[in-house]
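To start, the structure itself, in structure tokens.
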Amino acid sequence: MFSATEEALEVGEDTHMCKETQVDEVHDGKSSVDSMEHIASIFSELLTAIGEDPNREGLIGTPMRAAKALWFMTSGYRTRASDAAGTALFQVNPRQQQQQQQQPVTPGLVVLKDITVHSTCEHHLLPFFGKAHIGYLPGEAVLGLSKLARITNFCARRLQMQERLTEQIVCELMNVAQPRGVLVVLDCAHLCMCSRGVQQNGAVTRTSAMSGLFVQDASLRDEFFRHIANSNPSAAMSRL
């Protein structure tokens with residue numbers, strides 16, 4: 001049963017099913033300036049269509065400001081997760097590898113919670129926003145903590161569904177960091193539910209996706225959810 005906090009579980013059976021998120025290499029031969037000018041002209045037409053005057057004082061410059069905002073909010077189409085991660089992959093214990101100890105230490109669970117997420121619903125072109133919680137089991141290297149947030153932003157800055165966004169974050173982390181497993185939970189509020197339609201202010205949608213060892217090991221999943229148990233989605237929404 002779903003309550004005001006909706007929960008959905010998306011499980012990947014094979015880590016190799018993850019593919020790199022598509023990136024547009026060519027934008028119809030247009031530069032970013034040309035593209036934003038084109039978008040601005042469309043916003044100007046939109047203002048006229050809803051009965052506004054795009055030339056009145058309060059709206060002069062609004063089409064270009066809106067175009068720049070939309071360009072930023074969809075920047076995920078024009079970047080790669082590998083660019084967001086950069087070179088921030090570090091060996092967990094290089095000394096141990098050099099000394100070839102007989103009893104190596106296996107790195108445990110890494111959790112980063114309450115990552116701020118802003119994205120745009122592809123159904124109504126309205127924002128949804130909230131918090132992401134990421135847990136992963138490092139393989140031969142760990143990823144710089146800030147890069148977890150950067151990869152989350154990379155996936156979020158495009159037209160999205162929350163369910164797909166959750167899965168894409170898992171896949172990109174698997175591709176970039178090659179960990180033994182990833183588990184991601186998103187708690188988000190959707191303006192398409194708050195400002196229109198059923199107008200459910202305070203409703204929070206929770207989605208989850210996982211790959212690797214998290215799929216088979218219930219104790220790992222339990223450990224992750226204990227780590228994020230004190231995260232309050234409603235309180236997090238109020239701070240955004």
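Identifiers in the structure tokens: chain A, B, ... in order shown; residue index from 1 per chain; ligand index from 1 in order shown.
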Please provide as a PyMOL selection string all residues within 8 Å of region 61-77 of chain A, with the sequence filter that same-chain residues fewer than 4 positions apart are discarded (counting only C-alpha atoms). chain A and resi 22-24+36-37+39-44+54+119-120+153-159
Write out as a VMD selection string all residues of region 30-76 of chain A that backbone DSSP assigns to alpha helix (DSSP H). chain A and resid 32 to 49 62 to 73
Quick one: of A:Thr48, A:Ser31, A:Gln200, A:Gln160, who's nearest to Leu125 (chain A), counting only C-alpha atoms?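 For Leu125 (chain A), the nearest of the given residues is A:Gln160.
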Contacts of Leu112 (chain A) at 9 Å (only C-alpha atoms; same-chain gap of 2+ positions) as a PyMOL selection string: chain A and resi 110+114-115+132-135+145+148-149+228
Selected residues written out with C-alpha atoms, as a JSON list (two decimals), in the first residue's frame:
```json
[["chain", "number", "residue", "atom", "x", "y", "z"],
["A", 110, "VAL", "CA", 30.18, 4.06, 1.99],
["A", 114, "ASP", "CA", 20.81, 14.11, 2.08],
["A", 115, "ILE", "CA", 22.24, 15.13, -1.31],
["A", 132, "ALA", "CA", 19.19, 11.56, -2.58],
["A", 133, "HIS", "CA", 20.86, 8.93, -0.40],
["A", 134, "ILE", "CA", 23.65, 6.86, -1.96],
["A", 135, "GLY", "CA", 25.41, 3.78, -0.63],
["A", 145, "LEU", "CA", 32.57, 12.12, -2.12],
["A", 148, "LEU", "CA", 28.59, 11.42, -5.87],
["A", 149, "ALA", "CA", 26.70, 14.71, -5.73],
["A", 228, "ILE", "CA", 19.48, 6.75, 6.39]]
```
Which neighbours of Lys131 (chain A) fall inside 7 Å, counting only C-alpha atoms, when residues of the same chain fewer than 3 positions from it are skipped, and could you give them as a VMD selection string? chain A and resid 114 to 117 186 to 188
From the DSSP assignment of the backbone, select every residue of region 25-186 of chain A that is strand (DSSP E or B), and format the answer as number ranges by chain. A: 89-91, 110-121, 127-137, 141-143, 159-160, 181-186
Go ahead and write the selection's residues with N, CA, C and O atoms as a short mmCIF file (atom, residue, chain, number, x, y, z; two decimals), in the first residue's frame.
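Listing of part02.cif after writing:
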```
data_model
loop_
_atom_site.label_atom_id
_atom_site.label_comp_id
_atom_site.auth_asym_id
_atom_site.auth_seq_id
_atom_site.Cartn_x
_atom_site.Cartn_y
_atom_site.Cartn_z
N LEU A 89 39.15 9.08 -8.57
CA LEU A 89 39.10 7.68 -8.15
C LEU A 89 40.41 7.35 -7.45
O LEU A 89 41.49 7.57 -8.00
N PHE A 90 40.30 6.86 -6.23
CA PHE A 90 41.49 6.65 -5.41
C PHE A 90 41.54 5.21 -4.91
O PHE A 90 40.52 4.66 -4.49
N GLN A 91 42.72 4.61 -4.94
CA GLN A 91 42.88 3.28 -4.38
C GLN A 91 42.59 3.31 -2.89
O GLN A 91 43.00 4.23 -2.19
N VAL A 110 30.03 2.61 1.96
CA VAL A 110 30.18 4.06 1.99
C VAL A 110 28.80 4.66 1.74
O VAL A 110 28.13 4.31 0.76
N VAL A 111 28.35 5.55 2.62
CA VAL A 111 27.02 6.15 2.51
C VAL A 111 27.14 7.67 2.52
O VAL A 111 27.80 8.24 3.39
N LEU A 112 26.52 8.30 1.54
CA LEU A 112 26.37 9.76 1.53
C LEU A 112 24.89 10.04 1.42
O LEU A 112 24.24 9.65 0.45
N LYS A 113 24.34 10.71 2.43
CA LYS A 113 22.90 10.94 2.43
C LYS A 113 22.59 12.44 2.38
O LYS A 113 23.47 13.28 2.55
N ASP A 114 21.32 12.73 2.11
CA ASP A 114 20.81 14.11 2.08
C ASP A 114 21.50 14.96 1.02
O ASP A 114 21.82 16.13 1.24
N ILE A 115 21.73 14.38 -0.17
CA ILE A 115 22.24 15.13 -1.31
C ILE A 115 21.06 15.88 -1.93
O ILE A 115 20.03 15.28 -2.27
N THR A 116 21.17 17.18 -2.09
CA THR A 116 20.08 17.97 -2.65
C THR A 116 19.91 17.65 -4.14
O THR A 116 20.88 17.61 -4.90
N VAL A 117 18.66 17.41 -4.53
CA VAL A 117 18.34 17.07 -5.91
C VAL A 117 17.30 18.05 -6.46
O VAL A 117 16.29 18.31 -5.80
N HIS A 118 17.55 18.58 -7.65
CA HIS A 118 16.56 19.38 -8.37
C HIS A 118 16.47 18.84 -9.79
O HIS A 118 17.49 18.72 -10.47
N SER A 119 15.26 18.51 -10.23
CA SER A 119 15.08 18.03 -11.59
C SER A 119 13.77 18.56 -12.14
O SER A 119 13.07 19.33 -11.47
N THR A 120 13.44 18.15 -13.37
CA THR A 120 12.25 18.65 -14.05
C THR A 120 11.43 17.48 -14.56
O THR A 120 11.95 16.62 -15.29
N CYS A 121 10.18 17.44 -14.17
CA CYS A 121 9.26 16.38 -14.58
C CYS A 121 9.01 16.47 -16.09
O CYS A 121 8.64 17.53 -16.60
N PRO A 127 9.10 21.48 -11.79
CA PRO A 127 10.20 20.95 -10.97
C PRO A 127 9.75 19.85 -10.02
O PRO A 127 8.60 19.83 -9.55
N PHE A 128 10.67 18.94 -9.74
CA PHE A 128 10.57 18.10 -8.54
C PHE A 128 11.92 18.13 -7.86
O PHE A 128 12.95 18.32 -8.51
N PHE A 129 11.91 18.02 -6.55
CA PHE A 129 13.14 18.26 -5.80
C PHE A 129 13.08 17.51 -4.48
O PHE A 129 12.02 17.13 -3.99
N GLY A 130 14.26 17.29 -3.92
CA GLY A 130 14.30 16.57 -2.65
C GLY A 130 15.72 16.17 -2.29
O GLY A 130 16.66 16.93 -2.50
N LYS A 131 15.85 14.94 -1.76
CA LYS A 131 17.14 14.45 -1.27
C LYS A 131 17.44 13.07 -1.85
O LYS A 131 16.55 12.25 -2.02
N ALA A 132 18.72 12.86 -2.14
CA ALA A 132 19.19 11.56 -2.58
C ALA A 132 20.09 10.97 -1.51
O ALA A 132 20.85 11.68 -0.84
N HIS A 133 20.01 9.66 -1.33
CA HIS A 133 20.86 8.93 -0.40
C HIS A 133 21.56 7.82 -1.20
O HIS A 133 20.88 7.02 -1.86
N ILE A 134 22.87 7.80 -1.15
CA ILE A 134 23.65 6.86 -1.96
C ILE A 134 24.53 6.00 -1.06
O ILE A 134 25.22 6.52 -0.18
N GLY A 135 24.49 4.71 -1.29
CA GLY A 135 25.41 3.78 -0.63
C GLY A 135 26.09 2.94 -1.69
O GLY A 135 25.46 2.52 -2.66
N TYR A 136 27.40 2.72 -1.52
CA TYR A 136 28.09 1.84 -2.46
C TYR A 136 29.21 1.09 -1.77
O TYR A 136 29.75 1.53 -0.75
N LEU A 137 29.53 -0.07 -2.33
CA LEU A 137 30.62 -0.91 -1.84
C LEU A 137 31.79 -0.75 -2.80
O LEU A 137 31.72 -1.21 -3.95
N ALA A 141 38.77 0.89 -5.99
CA ALA A 141 38.99 2.32 -5.73
C ALA A 141 37.72 2.93 -5.18
O ALA A 141 36.62 2.39 -5.34
N VAL A 142 37.89 4.07 -4.49
CA VAL A 142 36.76 4.83 -3.99
C VAL A 142 36.63 6.10 -4.83
O VAL A 142 37.61 6.62 -5.38
N LEU A 143 35.42 6.61 -4.91
CA LEU A 143 35.13 7.82 -5.66
C LEU A 143 35.07 8.99 -4.70
O LEU A 143 34.50 8.89 -3.60
N LEU A 159 15.10 16.38 -18.55
CA LEU A 159 13.71 16.04 -18.30
C LEU A 159 13.67 14.61 -17.79
O LEU A 159 14.23 13.70 -18.41
N GLN A 160 13.00 14.40 -16.65
CA GLN A 160 13.13 13.14 -15.95
C GLN A 160 11.81 12.61 -15.41
O GLN A 160 10.82 13.34 -15.29
N GLY A 181 28.75 -2.84 -5.66
CA GLY A 181 27.30 -2.66 -5.58
C GLY A 181 26.95 -1.23 -5.27
O GLY A 181 27.75 -0.48 -4.68
N VAL A 182 25.75 -0.82 -5.68
CA VAL A 182 25.25 0.54 -5.43
C VAL A 182 23.78 0.45 -5.04
O VAL A 182 23.02 -0.35 -5.61
N LEU A 183 23.38 1.27 -4.08
CA LEU A 183 21.96 1.40 -3.71
C LEU A 183 21.66 2.89 -3.59
O LEU A 183 22.39 3.62 -2.91
N VAL A 184 20.60 3.34 -4.26
CA VAL A 184 20.22 4.76 -4.25
C VAL A 184 18.76 4.88 -3.85
O VAL A 184 17.90 4.13 -4.34
N VAL A 185 18.46 5.83 -2.97
CA VAL A 185 17.09 6.17 -2.58
C VAL A 185 16.89 7.66 -2.82
O VAL A 185 17.74 8.48 -2.47
N LEU A 186 15.76 8.02 -3.45
CA LEU A 186 15.39 9.41 -3.66
C LEU A 186 14.08 9.71 -2.95
O LEU A 186 13.12 8.94 -3.06
#
```
Give the answer as one residue: which of A:Asn175, A:Thr79, A:Thr106, A:Thr166 has the shortest atom-to-atom distance to Val92 (chain A), using only C-alpha atoms? A:Thr106
